[in-house]
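Notes follow the structure.
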Amino acid sequence: MATTTSTSSPGWSPDVQAFAPAESVPDALILSTSSVVGQVEGDEPVVRVVFVTDDEAQFTAEGATIPESDPGLDEVLVHTGKITQLVHLSREQYVQEGTASTLADSVARAVTKKANSAYLSQAAPTSPATTPPAGLLNIDGIVSGGAVATDLDELVDLIATLEGNGATPSHIVTDPTGWASLRKFKTGIGSNQSLLGAGGSDAQRALLDLPVIVSGAMSAGTGLVLDRSAIASAVGTVQVATSEHVYFNSDGVALRCTWRIGWNAVHPDRLGTFTVTDPDA
């Protein structure tokens with residue numbers, strides 16, 4: 001009789017736990033600011049996201065031949081990369097009360113931090129490499145807005161430009177110092193009243209009716225206006241595994257976490273960047 005994973009000892013077929021990203025890494029920006037269209041396994045396979053570039057309609061006189069339209073059938077490729085962390089613990093430390101759960105929280109934070117950093121600012125891969133994919137700030141074709149300083153006029157203009165390109169902006173992402181600078185904007189010269197909030201109440205994290213996400217993964221003094229429908233992403237499950245075998249000779253335990261994600265802009269001209277000038281600078 002053949003030996004199988006169902007008849008062998010557990011050590012020969014170690015378990016891998018898979019968790020839904022929304023539960024294990026809920027603060028990952030890719031989940032809240034993009035459209036998840038699928039998942040793949042491996043650096044080589046890609047998700048092909050198809051879309052149509054609309055052609056123009058026209059008026060046609062009664063009885064006249066209607067001219068043919070030629071909408072473009074296009075696609076973008078979503079390449080993925082695998083975020084990983086491997087932790088080595090002594091068996092004695094691993095079995096201490098609270099170690100496993102506290103370590104799991106630490107791994108989740110580390111994976112989220114790396115995912116957010118890559119999603120926003122990962123450098124574009126050098127050809128022929130395709131992964132990890134370029135962060136949103138480094139994708140060709142996104143709209144570059146001006147510096148937002150003392151008022152929100154430049155941001156108003158940027159959003160108008162994106163909407164003119166067909167965008168429906170859904171989020172603004174900025175870094176902590178950029179958000180702090182925005183909160184310093186006053187309603188007028190000599191006024192102590194914040195442009196974003198009055199009195200002792202904190203400013204709501206929203207600008208021009210768009211929710212603001214403050215992330216340390218953004219470059220200082222930088223902001224992004226996003227349309228989540230213009231960003232396609234591939235998101236796998238968060239997989240966690242433990243093993244006593246790789247560190248067998250030291251009586252150790254290995255904890256491994258992996259998460260495969262990727263993204264690309266379907267319409268780069270529906271995303272925009274801006275900078276924030278500190279009024280105290």
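Here's how to read the names in the structure tokens: chain A, B, ... by the order shown, residue numbers from 1 in each chain, ligand numbers from 1 in the order shown.
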DSSP-assigned alpha helix (DSSP H) among region 28-118 of chain A, expressed as a PyMOL selection string: chain A and resi 29-33+91-94+99-118
What are the closest atom pairs, with distances in Å to one decimal, for all residues of region 216-270 of chain A lying within 8 Å of region 144-166 of chain A? Consider only C-alpha atoms, order rows by chain and residue number, and present the result as CSV.
```
residue,atom,partner,partner_atom,distance
A:Val225,CA,A:Ile159,CA,7.5
A:Asp269,CA,A:Asn165,CA,6.5
A:Arg270,CA,A:Leu162,CA,5.0
```
Among the residues A:Tyr119, A:Phe51, A:Trp259, A:Phe185, the one that comes closest to Asp278 (chain A) [using only C-alpha atoms]: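 Closest residue, counting only C-alpha atoms: A:Phe185.
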Long-range neighbours of region 237-242 of chain A as a ChimeraX atom specification, 10 Å cut-off, only C-alpha atoms, 6 positions minimum in chain: /A:14-25,39,83-88,104,107-108,111,253-261
Please write the residues from the selection above to a file, keeping N, CA and C atoms, as a short mmCIF file (atom, residue, chain, number, x, y, z; two decimals), in the first residue's frame.
```
data_model
loop_
_atom_site.label_atom_id
_atom_site.label_comp_id
_atom_site.auth_asym_id
_atom_site.auth_seq_id
_atom_site.Cartn_x
_atom_site.Cartn_y
_atom_site.Cartn_z
N PRO A 14 3.35 18.60 7.36
CA PRO A 14 3.01 19.66 8.32
C PRO A 14 1.88 20.55 7.81
N ASP A 15 1.07 20.99 8.75
CA ASP A 15 -0.06 21.83 8.41
C ASP A 15 0.38 23.24 8.06
N VAL A 16 -0.36 23.86 7.17
CA VAL A 16 -0.21 25.27 6.86
C VAL A 16 -1.56 25.92 7.11
N GLN A 17 -1.58 26.96 7.91
CA GLN A 17 -2.82 27.66 8.18
C GLN A 17 -2.95 28.84 7.23
N ALA A 18 -4.12 28.98 6.64
CA ALA A 18 -4.37 30.09 5.73
C ALA A 18 -5.46 30.98 6.33
N PHE A 19 -5.21 32.30 6.29
CA PHE A 19 -6.14 33.25 6.89
C PHE A 19 -6.59 34.25 5.84
N ALA A 20 -7.85 34.67 5.94
CA ALA A 20 -8.35 35.71 5.06
C ALA A 20 -7.63 37.01 5.37
N PRO A 21 -7.10 37.71 4.35
CA PRO A 21 -6.36 38.95 4.61
C PRO A 21 -7.15 39.98 5.40
N ALA A 22 -8.46 40.07 5.16
CA ALA A 22 -9.27 41.07 5.86
C ALA A 22 -9.28 40.85 7.36
N GLU A 23 -9.01 39.61 7.78
CA GLU A 23 -8.99 39.30 9.21
C GLU A 23 -7.59 39.37 9.79
N SER A 24 -6.60 38.92 9.04
CA SER A 24 -5.24 38.84 9.58
C SER A 24 -4.41 40.09 9.35
N VAL A 25 -4.65 40.80 8.25
CA VAL A 25 -3.92 42.04 7.95
C VAL A 25 -4.91 43.13 7.53
N GLN A 39 -6.27 36.01 -7.70
CA GLN A 39 -5.03 35.64 -7.04
C GLN A 39 -4.31 34.59 -7.88
N ILE A 83 5.51 38.35 0.01
CA ILE A 83 6.06 38.95 1.23
C ILE A 83 6.23 37.84 2.25
N THR A 84 7.39 37.80 2.89
CA THR A 84 7.69 36.68 3.78
C THR A 84 8.31 37.15 5.09
N GLN A 85 8.17 36.31 6.10
CA GLN A 85 8.92 36.49 7.34
C GLN A 85 9.11 35.12 7.97
N LEU A 86 10.35 34.85 8.41
CA LEU A 86 10.69 33.59 9.06
C LEU A 86 11.30 33.91 10.42
N VAL A 87 10.71 33.34 11.47
CA VAL A 87 11.16 33.60 12.84
C VAL A 87 11.67 32.30 13.46
N HIS A 88 12.85 32.39 14.10
CA HIS A 88 13.46 31.23 14.76
C HIS A 88 13.40 31.42 16.26
N ALA A 104 2.37 36.22 16.72
CA ALA A 104 1.49 36.29 15.56
C ALA A 104 1.09 37.74 15.27
N VAL A 107 4.12 39.46 13.63
CA VAL A 107 4.28 39.07 12.23
C VAL A 107 3.24 39.77 11.35
N ALA A 108 2.01 39.86 11.83
CA ALA A 108 0.96 40.54 11.07
C ALA A 108 1.32 42.01 10.84
N VAL A 111 4.21 42.20 8.21
CA VAL A 111 3.74 41.92 6.85
C VAL A 111 2.92 43.09 6.32
N VAL A 253 12.10 26.09 16.97
CA VAL A 253 10.83 26.12 16.23
C VAL A 253 10.91 27.23 15.18
N ALA A 254 10.46 26.95 13.98
CA ALA A 254 10.41 27.94 12.91
C ALA A 254 8.96 28.36 12.69
N LEU A 255 8.75 29.66 12.62
CA LEU A 255 7.44 30.22 12.29
C LEU A 255 7.58 30.99 10.99
N ARG A 256 6.81 30.60 9.98
CA ARG A 256 6.91 31.21 8.65
C ARG A 256 5.57 31.81 8.25
N CYS A 257 5.64 33.02 7.70
CA CYS A 257 4.43 33.69 7.21
C CYS A 257 4.69 34.15 5.78
N THR A 258 3.75 33.91 4.89
CA THR A 258 3.87 34.37 3.50
C THR A 258 2.55 34.99 3.06
N TRP A 259 2.66 35.99 2.19
CA TRP A 259 1.46 36.63 1.62
C TRP A 259 1.82 37.13 0.23
N ARG A 260 1.13 36.64 -0.77
CA ARG A 260 1.40 37.03 -2.16
C ARG A 260 0.39 38.08 -2.61
N ILE A 261 0.91 39.24 -3.06
CA ILE A 261 0.05 40.32 -3.53
C ILE A 261 0.66 40.97 -4.77
#
```
Which of A:Ala28, A:Leu224, A:Met218, A:Ala118 sits closest to Gly135 (chain A) [using only C-alpha atoms]: A:Ala118
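Minimum atom-to-atom distances from A:Leu136, A:Leu103, A:Ala124, A:Leu89 to Glu244 (chain A) were compared using only C-alpha atoms, and the lowest value belongs to A:Leu89.
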Length of the CA of Arg48 (chain A) to CA of Ala265 (chain A) vector [Å]: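 It comes out at 12.1 Å.
Residues with any atom within 10 Å of Leu226 (chain A), counting only C-alpha atoms and excluding same-chain neighbours fewer than 6 positions away, are A:Thr33, A:Ser34, A:Leu136, A:Ile159, A:Leu162, A:Ala167, A:Thr168, A:Pro169, A:Ser170, A:His171, A:Ile172, A:Val173, A:Leu210, A:Pro268, A:Arg270, A:Leu271, A:Gly272, A:Thr273.
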Keeping only N, CA and C atoms, write the selected residues as a PDB file, in the first residue's frame.
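Result file is again11.pdb:
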```
ATOM      1  N   THR A  33      -8.106  50.164  -0.851  1.00  0.00           N
ATOM      2  CA  THR A  33      -7.978  51.207  -1.879  1.00  0.00           C
ATOM      3  C   THR A  33      -7.788  50.646  -3.284  1.00  0.00           C
ATOM      4  N   SER A  34      -8.017  49.358  -3.486  1.00  0.00           N
ATOM      5  CA  SER A  34      -7.922  48.777  -4.824  1.00  0.00           C
ATOM      6  C   SER A  34      -9.071  47.813  -5.037  1.00  0.00           C
ATOM      7  N   LEU A 136       2.523  52.506  -6.411  1.00  0.00           N
ATOM      8  CA  LEU A 136       1.662  53.456  -7.123  1.00  0.00           C
ATOM      9  C   LEU A 136       2.385  54.749  -7.445  1.00  0.00           C
ATOM     10  N   ILE A 159      -8.061  67.067  -8.332  1.00  0.00           N
ATOM     11  CA  ILE A 159      -9.238  66.192  -8.353  1.00  0.00           C
ATOM     12  C   ILE A 159     -10.082  66.468  -9.592  1.00  0.00           C
ATOM     13  N   LEU A 162      -8.463  64.725 -12.521  1.00  0.00           N
ATOM     14  CA  LEU A 162      -8.695  63.275 -12.486  1.00  0.00           C
ATOM     15  C   LEU A 162     -10.121  62.949 -12.885  1.00  0.00           C
ATOM     16  N   ALA A 167     -12.153  59.588 -13.679  1.00  0.00           N
ATOM     17  CA  ALA A 167     -12.002  59.018 -12.340  1.00  0.00           C
ATOM     18  C   ALA A 167     -13.196  59.349 -11.459  1.00  0.00           C
ATOM     19  N   THR A 168     -13.419  58.471 -10.497  1.00  0.00           N
ATOM     20  CA  THR A 168     -14.309  58.746  -9.376  1.00  0.00           C
ATOM     21  C   THR A 168     -13.458  58.580  -8.122  1.00  0.00           C
ATOM     22  N   PRO A 169     -12.764  59.632  -7.693  1.00  0.00           N
ATOM     23  CA  PRO A 169     -11.833  59.505  -6.569  1.00  0.00           C
ATOM     24  C   PRO A 169     -12.501  58.901  -5.335  1.00  0.00           C
ATOM     25  N   SER A 170     -11.798  57.985  -4.688  1.00  0.00           N
ATOM     26  CA  SER A 170     -12.367  57.282  -3.531  1.00  0.00           C
ATOM     27  C   SER A 170     -11.595  57.521  -2.254  1.00  0.00           C
ATOM     28  N   HIS A 171     -10.292  57.814  -2.337  1.00  0.00           N
ATOM     29  CA  HIS A 171      -9.459  57.971  -1.148  1.00  0.00           C
ATOM     30  C   HIS A 171      -8.351  58.994  -1.400  1.00  0.00           C
ATOM     31  N   ILE A 172      -7.894  59.564  -0.321  1.00  0.00           N
ATOM     32  CA  ILE A 172      -6.647  60.328  -0.320  1.00  0.00           C
ATOM     33  C   ILE A 172      -5.728  59.676   0.717  1.00  0.00           C
ATOM     34  N   VAL A 173      -4.500  59.412   0.301  1.00  0.00           N
ATOM     35  CA  VAL A 173      -3.506  58.831   1.218  1.00  0.00           C
ATOM     36  C   VAL A 173      -2.380  59.842   1.399  1.00  0.00           C
ATOM     37  N   LEU A 210     -13.592  63.379   0.678  1.00  0.00           N
ATOM     38  CA  LEU A 210     -12.915  62.097   0.465  1.00  0.00           C
ATOM     39  C   LEU A 210     -12.253  61.651   1.760  1.00  0.00           C
ATOM     40  N   PRO A 268      -3.866  54.824 -15.265  1.00  0.00           N
ATOM     41  CA  PRO A 268      -2.950  55.639 -14.450  1.00  0.00           C
ATOM     42  C   PRO A 268      -3.360  57.103 -14.367  1.00  0.00           C
ATOM     43  N   ARG A 270      -6.035  58.331 -13.801  1.00  0.00           N
ATOM     44  CA  ARG A 270      -7.097  58.551 -12.825  1.00  0.00           C
ATOM     45  C   ARG A 270      -6.557  58.536 -11.395  1.00  0.00           C
ATOM     46  N   LEU A 271      -5.224  58.522 -11.291  1.00  0.00           N
ATOM     47  CA  LEU A 271      -4.545  58.615  -9.999  1.00  0.00           C
ATOM     48  C   LEU A 271      -3.655  59.856 -10.028  1.00  0.00           C
ATOM     49  N   GLY A 272      -3.513  60.526  -8.887  1.00  0.00           N
ATOM     50  CA  GLY A 272      -2.730  61.752  -8.872  1.00  0.00           C
ATOM     51  C   GLY A 272      -1.935  61.918  -7.601  1.00  0.00           C
ATOM     52  N   THR A 273      -0.789  62.580  -7.733  1.00  0.00           N
ATOM     53  CA  THR A 273       0.066  62.863  -6.571  1.00  0.00           C
ATOM     54  C   THR A 273       0.076  64.364  -6.301  1.00  0.00           C
TER      55      THR A 273
END
```
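Within the 10 Å cut-off around Ser69 (chain A), using only C-alpha atoms and omitting residues fewer than 6 positions from it on the same chain, the listed residues are Asp54, Asp55, Glu56, Ala57 and Gln58 of chain A.
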Please produce a file of the residues just selected, as a short mmCIF file (atom, residue, chain, number, x, y, z; two decimals), in the first residue's frame, where the atoms kept are N, CA and C atoms.
```
data_model
loop_
_atom_site.label_atom_id
_atom_site.label_comp_id
_atom_site.auth_asym_id
_atom_site.auth_seq_id
_atom_site.Cartn_x
_atom_site.Cartn_y
_atom_site.Cartn_z
N ASP A 54 -13.33 53.14 -24.55
CA ASP A 54 -14.54 53.52 -25.29
C ASP A 54 -14.22 54.32 -26.54
N ASP A 55 -14.97 54.04 -27.58
CA ASP A 55 -14.95 54.88 -28.77
C ASP A 55 -16.10 55.89 -28.66
N GLU A 56 -16.07 56.92 -29.48
CA GLU A 56 -17.09 57.96 -29.41
C GLU A 56 -18.36 57.53 -30.14
N ALA A 57 -19.51 57.91 -29.56
CA ALA A 57 -20.79 57.77 -30.25
C ALA A 57 -21.05 59.05 -31.05
N GLN A 58 -22.04 59.02 -31.93
CA GLN A 58 -22.29 60.18 -32.76
C GLN A 58 -23.76 60.22 -33.16
#
```
Between CA of Thr53 (chain A) and CA of Leu29 (chain A), distance in Å (one decimal):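 That distance, rounded to one decimal, is 27.4 Å.
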Contacts of Ile30 (chain A) at 8 Å (only C-alpha atoms; same-chain gap of 6+ positions) as a PyMOL selection string: chain A and resi 115-116+119+233
Expected file contents, prior selection, C-alpha atoms, as a short mmCIF file (atom, residue, chain, number, x, y, z; two decimals), in the first residue's frame:
```cif
data_model
loop_
_atom_site.label_atom_id
_atom_site.label_comp_id
_atom_site.auth_asym_id
_atom_site.auth_seq_id
_atom_site.Cartn_x
_atom_site.Cartn_y
_atom_site.Cartn_z
CA ALA A 115 2.83 45.44 2.03
CA ASN A 116 1.88 49.10 2.49
CA TYR A 119 2.06 49.16 -2.57
CA SER A 233 -4.95 43.89 -7.50
#
```
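Each of A:Ala64, A:Ala232, A:Val212, A:Ile139 was checked against Val36 (chain A) using only C-alpha atoms; the smallest atom-to-atom distance is that of A:Ala232.
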All strand (DSSP E or B) residues (DSSP, backbone) inside region 39-206 of chain A, as JSON, numbers by chain: {"A": [47, 48, 49, 50, 51, 52, 53, 72, 73, 74, 75, 76, 77, 78, 80, 81, 82, 83, 84, 85, 86, 87, 88, 89, 90, 143, 144, 145, 146, 147, 148, 171, 172, 173, 174, 186, 194, 206]}
Selected residues, N, CA and C atoms, written as a JSON list (two decimals), in the first residue's frame, please.
```json
[["chain", "number", "residue", "atom", "x", "y", "z"],
["A", 47, "VAL", "N", -2.10, 37.98, -13.51],
["A", 47, "VAL", "CA", -3.54, 38.18, -13.69],
["A", 47, "VAL", "C", -3.70, 39.17, -14.84],
["A", 48, "ARG", "N", -4.43, 38.77, -15.86],
["A", 48, "ARG", "CA", -4.69, 39.64, -17.01],
["A", 48, "ARG", "C", -6.03, 40.34, -16.80],
["A", 49, "VAL", "N", -5.96, 41.64, -16.64],
["A", 49, "VAL", "CA", -7.16, 42.43, -16.38],
["A", 49, "VAL", "C", -7.56, 43.11, -17.68],
["A", 50, "VAL", "N", -8.71, 42.73, -18.21],
["A", 50, "VAL", "CA", -9.15, 43.27, -19.49],
["A", 50, "VAL", "C", -10.09, 44.46, -19.27],
["A", 51, "PHE", "N", -10.03, 45.41, -20.16],
["A", 51, "PHE", "CA", -10.93, 46.54, -20.11],
["A", 51, "PHE", "C", -11.13, 47.09, -21.52],
["A", 52, "VAL", "N", -12.14, 47.91, -21.68],
["A", 52, "VAL", "CA", -12.49, 48.47, -22.98],
["A", 52, "VAL", "C", -12.21, 49.97, -22.96],
["A", 53, "THR", "N", -11.48, 50.43, -23.97],
["A", 53, "THR", "CA", -11.31, 51.86, -24.19],
["A", 53, "THR", "C", -12.43, 52.33, -25.11],
["A", 72, "GLY", "N", -11.44, 49.99, -28.12],
["A", 72, "GLY", "CA", -10.21, 49.23, -27.93],
["A", 72, "GLY", "C", -10.38, 48.16, -26.88],
["A", 73, "LEU", "N", -9.96, 46.95, -27.19],
["A", 73, "LEU", "CA", -9.98, 45.84, -26.24],
["A", 73, "LEU", "C", -8.57, 45.72, -25.66],
["A", 74, "ASP", "N", -8.40, 46.21, -24.46],
["A", 74, "ASP", "CA", -7.08, 46.33, -23.86],
["A", 74, "ASP", "C", -6.95, 45.47, -22.62],
["A", 75, "GLU", "N", -5.73, 45.39, -22.10],
["A", 75, "GLU", "CA", -5.49, 44.66, -20.86],
["A", 75, "GLU", "C", -4.28, 45.24, -20.15],
["A", 76, "VAL", "N", -4.25, 45.05, -18.84],
["A", 76, "VAL", "CA", -3.05, 45.32, -18.05],
["A", 76, "VAL", "C", -2.70, 44.03, -17.30],
["A", 77, "LEU", "N", -1.43, 43.87, -17.02],
["A", 77, "LEU", "CA", -0.95, 42.67, -16.33],
["A", 77, "LEU", "C", -0.66, 43.00, -14.87],
["A", 78, "VAL", "N", -1.16, 42.16, -14.00],
["A", 78, "VAL", "CA", -0.88, 42.30, -12.57],
["A", 78, "VAL", "C", 0.10, 41.21, -12.17],
["A", 80, "THR", "N", 2.71, 39.63, -9.31],
["A", 80, "THR", "CA", 2.66, 39.54, -7.85],
["A", 80, "THR", "C", 4.04, 39.23, -7.27],
["A", 81, "GLY", "N", 4.19, 39.54, -6.00],
["A", 81, "GLY", "CA", 5.40, 39.19, -5.25],
["A", 81, "GLY", "C", 4.98, 38.60, -3.91],
["A", 82, "LYS", "N", 5.87, 37.83, -3.33],
["A", 82, "LYS", "CA", 5.57, 37.14, -2.07],
["A", 82, "LYS", "C", 6.29, 37.83, -0.91],
["A", 83, "ILE", "N", 5.51, 38.35, 0.01],
["A", 83, "ILE", "CA", 6.06, 38.95, 1.23],
["A", 83, "ILE", "C", 6.23, 37.84, 2.25],
["A", 84, "THR", "N", 7.39, 37.80, 2.89],
["A", 84, "THR", "CA", 7.69, 36.68, 3.78],
["A", 84, "THR", "C", 8.31, 37.15, 5.09],
["A", 85, "GLN", "N", 8.17, 36.31, 6.10],
["A", 85, "GLN", "CA", 8.92, 36.49, 7.34],
["A", 85, "GLN", "C", 9.11, 35.12, 7.97],
["A", 86, "LEU", "N", 10.35, 34.85, 8.41],
["A", 86, "LEU", "CA", 10.69, 33.59, 9.06],
["A", 86, "LEU", "C", 11.30, 33.91, 10.42],
["A", 87, "VAL", "N", 10.71, 33.34, 11.47],
["A", 87, "VAL", "CA", 11.16, 33.60, 12.84],
["A", 87, "VAL", "C", 11.67, 32.30, 13.46],
["A", 88, "HIS", "N", 12.85, 32.39, 14.10],
["A", 88, "HIS", "CA", 13.46, 31.23, 14.76],
["A", 88, "HIS", "C", 13.40, 31.42, 16.26],
["A", 89, "LEU", "N", 12.76, 30.47, 16.94],
["A", 89, "LEU", "CA", 12.63, 30.51, 18.40],
["A", 89, "LEU", "C", 13.09, 29.20, 18.99],
["A", 90, "SER", "N", 13.58, 29.26, 20.21],
["A", 90, "SER", "CA", 13.83, 28.00, 20.92],
["A", 90, "SER", "C", 12.48, 27.38, 21.28],
["A", 143, "VAL", "N", -1.01, 61.30, -12.68],
["A", 143, "VAL", "CA", -1.02, 62.75, -12.82],
["A", 143, "VAL", "C", -0.25, 63.39, -11.67],
["A", 144, "SER", "N", 0.64, 64.32, -11.98],
["A", 144, "SER", "CA", 1.41, 65.03, -10.97],
["A", 144, "SER", "C", 0.75, 66.37, -10.68],
["A", 145, "GLY", "N", 0.22, 66.52, -9.48],
["A", 145, "GLY", "CA", -0.40, 67.78, -9.07],
["A", 145, "GLY", "C", 0.63, 68.72, -8.47],
["A", 146, "GLY", "N", 0.19, 69.85, -8.02],
["A", 146, "GLY", "CA", 1.10, 70.84, -7.46],
["A", 146, "GLY", "C", 1.25, 70.71, -5.96],
["A", 147, "ALA", "N", 1.84, 71.75, -5.36],
["A", 147, "ALA", "CA", 2.05, 71.79, -3.92],
["A", 147, "ALA", "C", 0.82, 72.40, -3.26],
["A", 148, "VAL", "N", 0.30, 71.71, -2.27],
["A", 148, "VAL", "CA", -0.83, 72.21, -1.48],
["A", 148, "VAL", "C", -0.24, 73.01, -0.33],
["A", 171, "HIS", "N", -10.29, 57.81, -2.34],
["A", 171, "HIS", "CA", -9.46, 57.97, -1.15],
["A", 171, "HIS", "C", -8.35, 58.99, -1.40],
["A", 172, "ILE", "N", -7.89, 59.56, -0.32],
["A", 172, "ILE", "CA", -6.65, 60.33, -0.32],
["A", 172, "ILE", "C", -5.73, 59.68, 0.72],
["A", 173, "VAL", "N", -4.50, 59.41, 0.30],
["A", 173, "VAL", "CA", -3.51, 58.83, 1.22],
["A", 173, "VAL", "C", -2.38, 59.84, 1.40],
["A", 174, "THR", "N", -2.02, 60.11, 2.63],
["A", 174, "THR", "CA", -0.91, 61.01, 2.90],
["A", 174, "THR", "C", -0.11, 60.49, 4.09],
["A", 186, "LYS", "N", -4.94, 77.50, 8.31],
["A", 186, "LYS", "CA", -5.91, 78.33, 9.03],
["A", 186, "LYS", "C", -6.93, 78.92, 8.06],
["A", 194, "SER", "N", -8.53, 76.27, 12.59],
["A", 194, "SER", "CA", -8.04, 75.36, 11.56],
["A", 194, "SER", "C", -8.98, 75.32, 10.37],
["A", 206, "ALA", "N", -10.74, 63.72, 6.60],
["A", 206, "ALA", "CA", -11.41, 63.81, 5.30],
["A", 206, "ALA", "C", -11.01, 65.13, 4.66]]
```
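Reported to one decimal place, the separation of CA of Ser117 (chain A) from CA of Val37 (chain A) is 20.9 Å.
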Which of A:Ile142, A:Ala220, A:Val266, A:Ile66 sits closest to Ser181 (chain A) [using only C-alpha atoms]: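 Answer, going by the shortest atom-to-atom distance: A:Ala220.
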